[in-house]
Every structure is written in C-alpha cells, then in structure tokens.
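Source file: upload-v1.cif; contents: mmCIF, C-alpha atoms.
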```cif
data_my_file
#
loop_
_atom_site.label_atom_id
_atom_site.label_comp_id
_atom_site.auth_asym_id
_atom_site.auth_seq_id
_atom_site.Cartn_x
_atom_site.Cartn_y
_atom_site.Cartn_z
CA MET J 25 -103.13 -21.93 -21.83
CA THR J 26 -104.98 -23.87 -24.48
CA ILE J 27 -103.25 -22.06 -27.32
CA PHE J 28 -99.91 -23.51 -26.18
CA GLY J 29 -101.27 -26.99 -26.86
CA VAL J 30 -102.63 -26.02 -30.27
CA ALA J 31 -99.37 -24.22 -31.09
CA LEU J 32 -97.32 -27.23 -30.01
CA LEU J 33 -99.42 -29.42 -32.28
CA ALA J 34 -99.05 -26.94 -35.14
CA LEU J 35 -95.30 -26.68 -34.64
CA CYS J 36 -94.87 -30.48 -34.64
CA THR J 37 -97.00 -30.75 -37.79
CA LEU J 38 -95.09 -28.00 -39.61
CA ILE J 39 -91.67 -29.40 -38.70
CA GLY J 40 -92.76 -32.95 -39.54
CA VAL J 41 -94.16 -32.02 -42.93
CA PHE J 42 -91.07 -29.95 -43.68
CA LEU J 43 -88.82 -32.90 -42.80
CA GLY J 44 -91.02 -35.12 -44.98
CA ASP J 45 -90.55 -32.73 -47.90
CA LEU J 46 -86.78 -32.67 -47.30
CA LEU J 47 -86.73 -36.48 -47.24
CA GLY J 48 -88.67 -36.48 -50.51
CA VAL J 49 -86.15 -34.17 -52.15
CA ALA J 50 -83.25 -36.20 -50.78
CA LEU J 51 -84.73 -39.35 -52.27
CA GLY J 52 -85.64 -37.63 -55.52
CA VAL J 53 -89.39 -38.22 -55.07
CA LYS J 54 -92.15 -35.81 -56.01
CA ALA J 55 -93.97 -36.43 -52.74
CA ASN J 56 -93.80 -35.93 -49.01
CA VAL J 57 -92.19 -38.96 -47.40
CA GLY J 58 -93.79 -39.72 -44.04
CA GLY J 59 -94.16 -36.09 -42.99
CA VAL J 60 -97.22 -36.75 -40.86
CA GLY J 61 -95.62 -39.83 -39.31
CA LEU J 62 -92.54 -37.78 -38.39
CA ALA J 63 -94.79 -35.10 -36.92
CA MET J 64 -96.50 -37.76 -34.81
CA ILE J 65 -93.14 -38.96 -33.50
CA LEU J 66 -92.20 -35.34 -32.67
CA LEU J 67 -95.42 -34.87 -30.75
CA ILE J 68 -94.88 -38.12 -28.83
CA ALA J 69 -91.38 -36.93 -27.94
CA ALA J 70 -92.65 -33.49 -26.89
CA ARG J 71 -95.25 -35.11 -24.69
CA SER J 72 -92.67 -37.36 -22.99
CA TRP J 73 -90.44 -34.35 -22.39
CA LEU J 74 -93.26 -32.31 -20.88
CA VAL J 75 -94.39 -35.21 -18.68
CA ALA J 76 -90.85 -35.84 -17.46
CA ARG J 77 -90.55 -32.20 -16.42
CA GLY J 78 -94.00 -32.13 -14.92
CA LYS J 79 -95.00 -29.35 -17.30
CA LEU J 80 -97.88 -31.02 -19.09
CA GLY J 81 -100.58 -28.66 -17.89
CA HIS J 82 -104.31 -28.89 -18.37
CA GLY J 83 -104.35 -26.19 -21.04
CA VAL J 84 -101.70 -27.81 -23.21
CA LYS J 85 -103.48 -31.14 -22.98
CA LEU J 86 -106.82 -29.59 -23.83
CA GLY J 87 -105.36 -27.84 -26.88
CA VAL J 88 -104.04 -31.06 -28.36
CA GLU J 89 -106.82 -33.38 -27.26
CA PHE J 90 -109.51 -31.15 -28.71
CA TRP J 91 -108.08 -31.85 -32.15
CA SER J 92 -107.90 -35.58 -31.59
CA THR J 93 -111.56 -35.55 -30.57
CA MET J 94 -112.29 -33.71 -33.83
CA TYR J 95 -110.59 -36.49 -35.76
CA ILE J 96 -113.69 -38.57 -36.55
CA PRO J 97 -115.85 -35.62 -37.69
CA ILE J 98 -112.97 -34.49 -39.91
CA VAL J 99 -112.77 -37.98 -41.40
CA VAL J 100 -116.51 -37.85 -42.10
CA ALA J 101 -116.01 -34.53 -43.91
CA MET J 102 -113.16 -36.17 -45.82
CA ALA J 103 -115.43 -39.04 -46.86
CA ALA J 104 -118.03 -36.57 -48.12
CA GLN J 105 -115.57 -35.10 -50.61
CA GLN J 106 -114.17 -38.26 -52.18
CA ASN J 107 -114.56 -38.80 -55.89
CA VAL J 108 -117.00 -41.68 -55.38
CA VAL J 109 -118.47 -41.30 -58.85
CA ALA J 110 -115.10 -42.13 -60.41
CA ALA J 111 -114.77 -45.15 -58.12
CA VAL J 112 -118.22 -46.46 -59.03
CA ARG J 113 -117.76 -45.82 -62.76
CA GLY J 114 -114.27 -47.31 -62.92
CA GLY J 115 -115.37 -50.55 -64.53
CA PRO J 116 -114.11 -54.12 -64.11
CA ILE J 117 -110.36 -53.48 -64.29
CA VAL J 118 -110.57 -50.98 -61.42
CA LEU J 119 -112.87 -53.19 -59.38
CA ILE J 120 -110.76 -56.31 -59.80
CA ALA J 121 -107.43 -54.60 -59.07
CA ALA J 122 -108.84 -52.88 -55.97
CA THR J 123 -110.76 -55.85 -54.58
CA VAL J 124 -108.06 -58.48 -55.04
CA SER J 125 -105.28 -56.31 -53.60
CA LEU J 126 -107.53 -55.40 -50.69
CA LEU J 127 -108.39 -59.04 -49.89
CA LEU J 128 -104.73 -60.06 -50.04
CA CYS J 129 -103.77 -57.17 -47.74
CA PHE J 130 -106.51 -58.04 -45.25
CA ALA J 131 -105.16 -61.60 -45.20
CA CYS J 132 -101.67 -60.23 -44.54
CA VAL J 133 -102.97 -58.18 -41.60
CA ALA J 134 -104.38 -61.37 -40.10
CA LEU J 135 -101.06 -63.14 -40.71
CA LEU J 136 -98.77 -60.36 -39.44
CA GLY J 137 -101.00 -59.64 -36.46
CA ARG J 138 -100.68 -63.24 -35.34
CA PHE J 139 -96.98 -63.39 -36.14
CA GLY J 140 -95.04 -62.82 -32.94
CA ARG J 141 -98.14 -61.93 -30.96
CA ARG J 142 -97.65 -62.13 -27.22
CA ASP J 143 -100.26 -62.99 -24.66
CA GLU J 144 -101.78 -59.63 -23.96
CA PRO J 145 -105.24 -60.26 -22.65
CA THR J 146 -105.59 -56.81 -21.18
CA GLN J 147 -104.47 -53.78 -23.08
CA SER J 148 -102.74 -50.96 -21.30
CA GLY J 149 -104.84 -48.21 -19.80
CA GLN J 150 -103.09 -45.76 -22.08
CA VAL J 151 -104.45 -47.49 -25.19
CA ARG J 152 -108.01 -47.55 -23.87
CA GLN J 153 -107.79 -43.97 -22.68
CA GLY J 154 -106.60 -42.95 -26.15
CA GLY J 155 -109.64 -44.61 -27.66
CA ALA J 156 -111.93 -42.78 -25.28
CA VAL J 157 -110.40 -39.41 -26.22
CA ILE J 158 -110.39 -39.97 -29.97
CA GLY J 159 -113.84 -41.56 -29.90
CA GLY J 160 -115.16 -38.45 -28.20
CA GLY J 161 -118.74 -38.76 -27.07
CA ASP J 162 -119.26 -41.88 -29.18
CA PRO J 163 -121.53 -44.18 -27.18
CA ALA J 164 -119.69 -47.27 -28.37
CA ALA J 165 -116.38 -46.03 -27.01
CA PRO J 166 -115.50 -46.63 -23.38
CA SER J 167 -116.57 -43.92 -20.99
CA SER J 168 -114.35 -40.89 -21.15
CA ALA J 169 -115.15 -40.22 -17.51
CA ARG J 170 -112.57 -42.80 -16.50
CA PRO J 171 -109.68 -41.13 -14.68
CA ARG J 172 -106.54 -40.98 -16.70
CA PRO J 173 -104.06 -43.68 -15.65
CA ALA J 174 -100.66 -42.75 -14.32
CA GLU J 175 -98.40 -41.41 -17.05
CA LYS J 176 -96.01 -44.08 -18.22
CA VAL J 177 -93.56 -43.05 -20.82
CA MET O 11 -135.18 -16.13 -47.80
CA LEU O 12 -133.57 -19.26 -49.22
CA HIS O 13 -131.09 -17.07 -50.99
CA MET O 14 -130.13 -15.40 -47.71
CA ILE O 15 -129.60 -18.75 -45.98
CA GLU O 16 -127.44 -19.81 -48.89
CA HIS O 17 -125.46 -16.62 -48.52
CA VAL O 18 -124.77 -17.36 -44.85
CA PHE O 19 -123.58 -20.88 -45.70
CA VAL O 20 -121.23 -19.57 -48.38
CA GLU O 21 -119.87 -16.77 -46.24
CA GLN O 22 -119.42 -18.90 -43.10
CA SER O 23 -118.26 -21.98 -44.97
CA LEU O 24 -116.17 -23.66 -42.27
CA VAL O 25 -118.65 -22.89 -39.50
CA ALA O 26 -121.43 -24.28 -41.68
CA ALA O 27 -119.36 -27.43 -42.22
CA PHE O 28 -119.06 -27.94 -38.46
CA ALA O 29 -122.84 -27.69 -38.13
CA VAL O 30 -123.52 -30.01 -41.07
CA VAL O 31 -121.05 -32.68 -39.98
CA GLY O 32 -122.32 -32.42 -36.42
CA GLY O 33 -125.83 -33.03 -37.66
CA LEU O 34 -124.65 -35.97 -39.74
CA MET O 35 -122.91 -37.50 -36.72
CA LEU O 36 -126.02 -37.01 -34.60
CA ILE O 37 -128.21 -38.81 -37.13
CA SER O 38 -125.61 -41.57 -37.53
CA ASN O 39 -125.26 -42.16 -33.79
CA PHE O 40 -129.04 -42.31 -33.50
CA LEU O 41 -129.27 -44.81 -36.38
CA GLY O 42 -126.45 -46.91 -34.94
CA LYS O 43 -128.07 -47.09 -31.54
CA ARG O 44 -131.67 -47.58 -32.62
CA LEU O 45 -131.50 -49.53 -35.88
CA THR O 46 -128.50 -51.77 -35.21
CA ALA O 47 -128.73 -51.86 -31.40
CA GLY O 48 -125.22 -50.40 -31.14
CA ARG O 49 -123.66 -53.16 -33.23
CA VAL O 50 -122.56 -50.74 -35.95
CA HIS O 51 -120.50 -47.75 -34.83
CA GLY O 52 -122.16 -44.39 -35.38
CA SER O 53 -118.94 -43.20 -37.01
CA ALA O 54 -119.04 -46.09 -39.52
CA ILE O 55 -122.54 -45.05 -40.54
CA ALA O 56 -121.46 -41.41 -40.75
CA ILE O 57 -118.56 -42.28 -43.06
CA VAL O 58 -120.79 -44.36 -45.34
CA LEU O 59 -123.38 -41.56 -45.37
CA GLY O 60 -120.60 -39.14 -46.27
CA LEU O 61 -119.57 -41.34 -49.19
CA VAL O 62 -123.18 -41.65 -50.38
CA LEU O 63 -123.58 -37.86 -50.24
CA ALA O 64 -120.31 -37.51 -52.16
CA TYR O 65 -121.67 -39.84 -54.84
CA VAL O 66 -124.97 -38.00 -55.16
CA ALA O 67 -123.21 -34.62 -55.24
CA GLY O 68 -120.70 -35.93 -57.78
CA LEU O 69 -123.53 -37.03 -60.10
CA TYR O 70 -125.24 -33.66 -59.67
CA THR O 71 -122.23 -31.36 -60.14
CA GLY O 72 -120.06 -33.56 -62.34
CA GLY O 73 -117.10 -32.48 -60.20
CA LYS O 74 -114.40 -34.49 -58.49
CA LYS O 75 -114.72 -33.28 -54.92
CA GLY O 76 -118.07 -34.71 -53.91
CA VAL O 77 -120.13 -32.49 -51.63
CA ALA O 78 -117.40 -29.84 -51.57
CA ASP O 79 -118.18 -28.93 -55.19
CA LEU O 80 -121.48 -27.42 -54.08
CA PRO O 81 -120.76 -23.79 -53.07
CA VAL O 82 -122.98 -24.16 -50.01
CA PHE O 83 -120.84 -27.02 -48.70
CA ALA O 84 -117.43 -25.66 -49.71
CA GLY O 85 -116.50 -25.63 -46.03
CA ILE O 86 -116.63 -29.43 -45.98
CA GLY O 87 -113.73 -29.25 -48.42
CA LEU O 88 -111.70 -27.24 -45.93
CA MET O 89 -112.74 -29.27 -42.88
CA GLY O 90 -112.02 -32.64 -44.52
CA GLY O 91 -109.12 -31.41 -46.65
CA ALA O 92 -105.55 -32.58 -46.30
CA MET O 93 -104.54 -29.74 -43.96
CA LEU O 94 -107.00 -30.30 -41.11
CA ARG O 95 -107.01 -34.07 -41.69
CA ASP O 96 -103.25 -34.26 -41.14
CA PHE O 97 -103.50 -31.86 -38.18
CA ALA O 98 -106.05 -34.11 -36.48
CA ILE O 99 -104.07 -37.26 -37.30
CA VAL O 100 -100.95 -35.78 -35.69
CA ALA O 101 -103.05 -34.86 -32.63
CA THR O 102 -104.04 -38.50 -32.16
CA ALA O 103 -100.35 -39.29 -31.56
CA PHE O 104 -100.79 -37.63 -28.17
CA GLU O 105 -102.69 -40.75 -27.13
CA VAL O 106 -100.08 -43.25 -28.34
CA ASP O 107 -98.70 -45.77 -25.90
CA VAL O 108 -94.99 -45.47 -26.71
CA VAL O 109 -94.16 -48.98 -25.48
CA GLU O 110 -96.77 -50.56 -27.74
CA ALA O 111 -95.73 -48.51 -30.75
CA ARG O 112 -92.03 -49.26 -30.35
CA ARG O 113 -92.70 -52.97 -29.91
CA ALA O 114 -94.49 -53.11 -33.25
CA GLY O 115 -91.96 -50.98 -35.16
CA LEU O 116 -90.36 -53.79 -37.14
CA LEU O 117 -93.77 -55.25 -37.92
CA GLY O 118 -94.79 -51.87 -39.33
CA VAL O 119 -91.78 -51.80 -41.67
CA LEU O 120 -92.54 -55.32 -42.90
CA ALA O 121 -96.18 -54.36 -43.42
CA LEU O 122 -95.13 -51.27 -45.42
CA ALA O 123 -93.01 -53.40 -47.75
CA LEU O 124 -95.76 -55.98 -48.30
CA GLY O 125 -98.39 -53.27 -48.62
CA THR O 126 -96.49 -51.67 -51.49
CA VAL O 127 -95.46 -54.82 -53.37
CA ILE O 128 -98.69 -56.86 -53.18
CA PRO O 129 -101.14 -54.24 -54.54
CA PHE O 130 -98.64 -53.32 -57.25
CA ILE O 131 -98.35 -56.92 -58.45
CA VAL O 132 -102.13 -57.39 -58.39
CA GLY O 133 -102.71 -54.11 -60.25
CA ALA O 134 -100.04 -54.89 -62.83
CA LEU O 135 -101.37 -58.40 -63.45
CA THR O 136 -104.90 -57.04 -63.84
CA ALA O 137 -103.64 -54.54 -66.39
CA VAL O 138 -101.94 -57.35 -68.31
CA ALA O 139 -105.10 -59.47 -68.16
CA PHE O 140 -107.05 -56.57 -69.68
CA GLY O 141 -104.70 -56.34 -72.62
CA TYR O 142 -102.16 -53.69 -71.67
CA THR O 143 -98.75 -54.66 -72.96
CA ASP O 144 -96.51 -51.60 -72.52
CA ALA O 145 -94.45 -51.24 -69.38
CA VAL O 146 -95.56 -47.64 -68.72
CA SER O 147 -99.30 -48.44 -68.63
CA ILE O 148 -98.81 -51.62 -66.61
CA THR O 149 -96.66 -49.79 -64.04
CA THR O 150 -99.06 -46.84 -63.79
CA ILE O 151 -102.12 -49.02 -63.19
CA GLY O 152 -100.16 -51.16 -60.72
CA ALA O 153 -99.05 -48.03 -58.86
CA GLY O 154 -102.67 -46.85 -58.72
CA ALA O 155 -103.51 -49.99 -56.77
CA VAL O 156 -100.97 -48.88 -54.13
CA THR O 157 -102.67 -45.51 -53.46
CA TYR O 158 -104.42 -42.93 -55.60
CA ILE O 159 -101.51 -40.54 -55.19
CA VAL O 160 -98.80 -43.04 -56.12
CA GLY O 161 -100.68 -43.81 -59.36
CA PRO O 162 -100.69 -40.35 -60.93
CA VAL O 163 -97.23 -39.45 -59.57
CA THR O 164 -95.80 -42.58 -61.19
CA GLY O 165 -97.81 -42.05 -64.37
CA ALA O 166 -96.68 -38.43 -64.65
CA ALA O 167 -93.05 -39.41 -64.13
CA LEU O 168 -93.26 -42.09 -66.84
CA GLY O 169 -95.38 -40.04 -69.25
CA ALA O 170 -98.39 -42.36 -69.23
CA ASP O 171 -101.51 -41.88 -71.34
CA SER O 172 -104.21 -39.76 -69.65
CA ALA O 173 -106.82 -42.53 -69.94
CA VAL O 174 -104.44 -44.88 -68.14
CA MET O 175 -103.83 -42.20 -65.50
CA ALA O 176 -107.58 -41.86 -64.94
CA LEU O 177 -107.87 -45.64 -64.57
CA SER O 178 -104.97 -45.64 -62.14
CA ILE O 179 -106.50 -42.91 -59.98
CA ALA O 180 -109.90 -44.63 -60.05
CA THR O 181 -108.28 -47.86 -58.81
CA GLY O 182 -106.70 -46.05 -55.87
CA VAL O 183 -109.90 -44.18 -54.97
CA THR O 184 -111.93 -47.39 -55.18
CA LYS O 185 -109.46 -49.07 -52.87
CA ALA O 186 -109.65 -46.19 -50.37
CA VAL O 187 -113.45 -46.26 -50.37
CA MET O 188 -113.46 -50.04 -49.96
CA VAL O 189 -111.03 -49.81 -47.02
CA MET O 190 -113.30 -47.26 -45.30
CA VAL O 191 -116.40 -49.38 -45.71
CA GLY O 192 -114.87 -52.86 -45.50
CA THR O 193 -112.58 -52.56 -42.47
CA PRO O 194 -115.28 -52.62 -39.76
CA LEU O 195 -116.84 -55.63 -41.48
CA VAL O 196 -113.70 -57.77 -41.47
CA ALA O 197 -112.01 -56.33 -38.36
CA ARG O 198 -112.81 -59.26 -36.10
CA LEU O 199 -111.97 -61.83 -38.79
CA ILE O 200 -108.45 -60.46 -39.30
CA GLY O 201 -107.79 -59.84 -35.59
CA LEU O 202 -107.74 -56.05 -35.89
CA ASP O 203 -108.29 -55.23 -32.23
CA ASN O 204 -104.91 -54.21 -30.82
CA PRO O 205 -102.18 -51.62 -31.52
CA ARG O 206 -99.90 -54.26 -33.07
CA SER O 207 -102.30 -55.35 -35.76
CA ALA O 208 -103.38 -51.72 -36.29
CA MET O 209 -99.77 -50.83 -37.18
CA ALA O 210 -99.63 -53.79 -39.57
CA PHE O 211 -102.97 -52.66 -41.01
CA GLY O 212 -101.77 -49.09 -41.58
CA GLY O 213 -98.67 -50.27 -43.39
CA LEU O 214 -100.52 -52.76 -45.55
CA MET O 215 -103.49 -50.63 -46.57
CA GLY O 216 -101.47 -47.50 -47.22
CA THR O 217 -104.03 -44.96 -48.34
CA VAL O 218 -104.17 -42.48 -45.44
CA SER O 219 -107.81 -41.61 -46.06
CA GLY O 220 -108.79 -45.27 -46.23
CA VAL O 221 -106.92 -46.16 -43.05
CA ALA O 222 -108.15 -43.04 -41.24
CA GLY O 223 -111.76 -43.78 -42.16
CA GLY O 224 -111.56 -47.54 -41.71
CA LEU O 225 -110.04 -47.41 -38.23
CA ALA O 226 -112.30 -44.58 -37.09
CA ALA O 227 -115.28 -46.73 -38.06
CA THR O 228 -113.81 -49.81 -36.38
CA ASP O 229 -112.29 -48.68 -33.10
CA PRO O 230 -111.01 -45.16 -32.34
CA LYS O 231 -108.30 -46.38 -30.00
CA LEU O 232 -106.47 -48.00 -32.95
CA VAL O 233 -106.37 -44.81 -35.05
CA PRO O 234 -102.97 -43.38 -34.04
CA TYR O 235 -101.15 -46.70 -34.49
CA GLY O 236 -102.52 -47.29 -37.98
CA ALA O 237 -101.91 -43.69 -39.02
CA LEU O 238 -98.30 -43.84 -37.83
CA THR O 239 -97.36 -46.43 -40.46
CA ALA O 240 -99.85 -45.45 -43.16
CA THR O 241 -98.38 -41.97 -43.56
CA PHE O 242 -95.11 -43.44 -44.82
CA HIS O 243 -96.89 -45.49 -47.45
CA THR O 244 -97.51 -42.91 -50.18
CA GLY O 245 -93.95 -41.59 -50.01
CA ILE O 246 -92.46 -45.06 -50.34
CA GLY O 247 -94.84 -45.89 -53.19
CA CYS O 248 -93.86 -42.71 -55.04
CA LEU O 249 -90.24 -43.66 -54.51
CA VAL O 250 -90.31 -47.21 -55.89
CA GLY O 251 -93.15 -46.81 -58.45
CA PRO O 252 -91.37 -44.91 -61.22
CA SER O 253 -87.98 -46.47 -60.41
CA LEU O 254 -87.70 -50.01 -59.09
CA PHE O 255 -91.18 -51.16 -60.16
CA TYR O 256 -90.97 -49.63 -63.63
CA LEU O 257 -87.53 -51.11 -64.29
CA THR O 258 -88.71 -54.53 -63.13
CA VAL O 259 -91.83 -54.43 -65.31
CA ARG O 260 -89.82 -53.23 -68.31
CA ALA O 261 -87.33 -56.05 -67.82
CA ILE O 262 -90.18 -58.57 -67.84
CA VAL O 263 -92.38 -57.28 -70.69
CA GLY O 264 -89.49 -55.91 -72.70
#
```
Represent the supplied structure as structure tokens.
Amino acid sequence: MTIFGVALLALCTLIGVFLGDLLGVALGVKANVGGVGLAMILLIAARSWLVARGKLGHGVKLGVEFWSTMYIPIVVAMAAQQNVVAAVRGGPIVLIAATVSLLLCFACVALLGRFGRRDEPTQSGQVRQGGAVIGGGDPAAPSSARPRPAEKV
Amino acid sequence: MLHMIEHVFVEQSLVAAFAVVGGLMLISNFLGKRLTAGRVHGSAIAIVLGLVLAYVAGLYTGGKKGVADLPVFAGIGLMGGAMLRDFAIVATAFEVDVVEARRAGLLGVLALALGTVIPFIVGALTAVAFGYTDAVSITTIGAGAVTYIVGPVTGAALGADSAVMALSIATGVTKAVMVMVGTPLVARLIGLDNPRSAMAFGGLMGTVSGVAGGLAATDPKLVPYGALTATFHTGIGCLVGPSLFYLTVRAIVG
C-alpha cells in the first residue's frame, strides 16, 4: 500500500530530526545538527533492508517516490517565499561578503571534485534513474520510461 | 465574484499552492523549451521566476516571506516551508547510489570544513574592511556568510546589535539566492556533473535552500548527494560560530 511508503518516509524523517535535535543538545548548540542528513541515511538503510528481504513492493516505492518527484515544485515554492527584498537591499557589505565567499567555494568545488577523481566515464544506472525520478516529467531529464536497473545495494 | 475566488484560495491554501506552482512550472518548461531551445532547465527558470515573484510580493507587502505574505498565496508558505521541503529532501535519498555516496564520504567532510571556514573568513574580513572593530559584530557578520541561520544564531548567542544581525541575515539570504541562480551557470565550469562533486558542492555551499534550488536547476540526479552533506552544514556552523570562531576573532582583534 502506498501509505506504507509515505509512513516509512515520515518515520525516517521524524527519527532523523529527533536524532539531530539530540545531537544539537549534546553539543550545546541551539540548532538541529544534520537531522535531515541522518533521516536520509535511515531511509537508505531501510531501502537496503527491504530490498534484501524482497519486500520492496510497488506501493511502498510509489509512496516514497511521489515525494521525490514533488521535490522540484516544492523548491520552487520555497524560492517564492525567500526574503529577496532584504537580499537586494543589503548594500555593498552584504554583496561583497556573499559574492566573494561564493566564488571561493565554487573554486573549491572544482578543486575537490578533481581531487581523487577516478575514471568514471559512465555513471551507474542507479544515479541516472534517480535523476529521472526526481526530475519528474522534466523534458531535460532522461526518459523516466527506462526500466529500472537491477537493484544493487 | 473576485471576492469568492479569493475566499476559495484562502480556504484551500495548500491545494491552491499546488495549482499555482504547477502553472508556474508549466510556463517555465514552455519558456525553457521554446525560448532557450532546451538549453536552460525549466526548473531553473521556475526558481528564478519564484524569486522574482518573492521580490515583487516583498515590495508590495513589506513582509519577509515573499509571496507567502499575501493571504491568497499562504499555501505557498506551507508547500515550500521547512517541513515539506525536508520531507521531500529525505525522499530523494531513496534514489541514492550507496556505493557512490560512501566513496565520497571523506570528501564531503572535507568540503563541510572548508565550506564553514572560508565564508566565515571572507565575511569577517569584509566586516573589518567596512569599519567594524568589535569581535561580536565581526563574528556575527562572518557567521551570516556561512548560512542565514548560522548568522542570527551566533549573533543571538553573542548578544550582537540588531542592525548587525539584520546585515548578517541579509548576507546569508543573498548567498542562498546567488547559489540558486548561479549554480546552473557555473556547473560545467566547476565540473559539477557527478555524485562526487555534488557531495563536495553540498558541503561547501551549506545553505540547504541554496543547494536544493541550485542542484534542482542544474541536474536533478545530483540533488540527493548534495543534500546529504548540506544538511550538516547549518548545525556545524551554529556549533563553531559562537565558540571557536568567536574566540579566534576575539584573540585577534582583542
């Protein structure tokens, strides 16, 4: 059933965020430390477990994948509620601090990405399939009609 | 008549948001295909359109939440709010290639460290260049350059001036907006086309909204890898901002 997938996703998110809060308290920080990241790791683990037992049914998959296809529209809604006025009105100090740190970080991405990069001309089917799911019906994304490659976990 | 339509939008806020965002995506995909011959992702256009609408709405309402400050579009606030955003981000983990993610783990940690230290130093130096001399203000503005949550959390912990806090938040928001818009433009230049570099990107850029928007506009398949590292960023920033960074700045400026 689809609700099992949605519930699994909800459970992973709740546990992850809770663990993130605990980690924050343990470290004495007034913030959630990596709650969403921990939730992602939980979901990956749950998926591996289900696949290994052959229990990853169509409904469960549909329940989770629906939300990953909703990811981009949700991000668009997020963009539409940013405080853009504050960003535009920030003045030179804001602009300089943001631009320079951004350029340096972009340069670091280029550097780190190259650092220790192996020859990987073709990316795994899993990665491309993920893009097709998250991209949804986006014409620029690869066709989602492609059959899902064998599970490798 | 108009009043009744408005009433429906207010009452069915989330449903209305689905319809509005769907319409926005439809227009953006059309523009991307027709005007740019598919060179610019429809989602990149949609995100930029969203930001433009947020700006216009912000000018009109004087509020801080863009379109969501208009009662008719309150549902956008729920749909794009932290709860559903995080829910959808977690869902993308279902598509993660575990082998790829594990291989880039160490790289992600390194990226997180660099992504916290570099923006802080740049922000702090900018603050100094603009005449701030006290350790609290310098640290708060530097922390704002990390993310727009680290800024105010650090500022509140140190008891910074509210004008400095506002500046700090504005720096973080500007950075997030620039990441959303700038990433697709520089993606090829910085080799952002595989899970490895996406994990480095997430760690370096930090701001979850910036990374989420930037990667969605660049290539959806990279989203889960970038998000995986980015979500640790704010927590780490909040940890070192008021402690390690503040003590270091205080030791230097006295």
So how many Å separate CA of Ala34 (chain J) and CA of Thr217 (chain O), to one decimal?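 These atoms are spaced 22.9 Å apart.
Residues matched by the PyMOL selection byres ((chain O and resi 15-28) around 8) in this file are O:Met11, O:Leu12, O:His13, O:Met14, O:Ala29, O:Val30, O:Val31, O:Gly32, O:Pro81, O:Val82, O:Phe83, O:Ala84, O:Gly85, O:Ile86, O:Leu88, O:Met89.
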Using only C-alpha atoms, which residues sit within 10 Å of Leu66 (chain J) once same-chain residues fewer than 5 positions away are excluded, as a PyMOL selection string? (chain J and resi 32-33+35-37+39-40+60-61+71-72) or (chain O and resi 100+103-104)
Deliver the residues from the most recent selection as a file, using C-alpha atoms, as a PDB file, in the coordinates of the input.
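Heads up, here's the output in out31.pdb:
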```pdb
ATOM      1  CA  LEU J  32     -97.320 -27.230 -30.010  1.00  0.00           C
ATOM      2  CA  LEU J  33     -99.420 -29.420 -32.280  1.00  0.00           C
ATOM      3  CA  LEU J  35     -95.300 -26.680 -34.640  1.00  0.00           C
ATOM      4  CA  CYS J  36     -94.870 -30.480 -34.640  1.00  0.00           C
ATOM      5  CA  THR J  37     -97.000 -30.750 -37.790  1.00  0.00           C
ATOM      6  CA  ILE J  39     -91.670 -29.400 -38.700  1.00  0.00           C
ATOM      7  CA  GLY J  40     -92.760 -32.950 -39.540  1.00  0.00           C
ATOM      8  CA  VAL J  60     -97.220 -36.750 -40.860  1.00  0.00           C
ATOM      9  CA  GLY J  61     -95.620 -39.830 -39.310  1.00  0.00           C
ATOM     10  CA  ARG J  71     -95.250 -35.110 -24.690  1.00  0.00           C
ATOM     11  CA  SER J  72     -92.670 -37.360 -22.990  1.00  0.00           C
TER      12      SER J  72
ATOM     13  CA  VAL O 100    -100.950 -35.780 -35.690  1.00  0.00           C
ATOM     14  CA  ALA O 103    -100.350 -39.290 -31.560  1.00  0.00           C
ATOM     15  CA  PHE O 104    -100.790 -37.630 -28.170  1.00  0.00           C
TER      16      PHE O 104
END
```
Expected residue set, 12 Å radius at (-107.1, -32.7, -26.4), all atoms listed in the file, as a ChimeraX atom specification: /J:26-30,32-33,80-95,153-154,156-160 /O:98,100-105
Given the file shown, enumerate the residues that the PyMOL selection byres ((chain O and resi 234-238) around 8) captures and present them as a PyMOL selection string. (chain J and resi 60-61+64) or (chain O and resi 99+102-103+105-106+111+205-206+208-213+218+221-222+225+231-233+239-242)
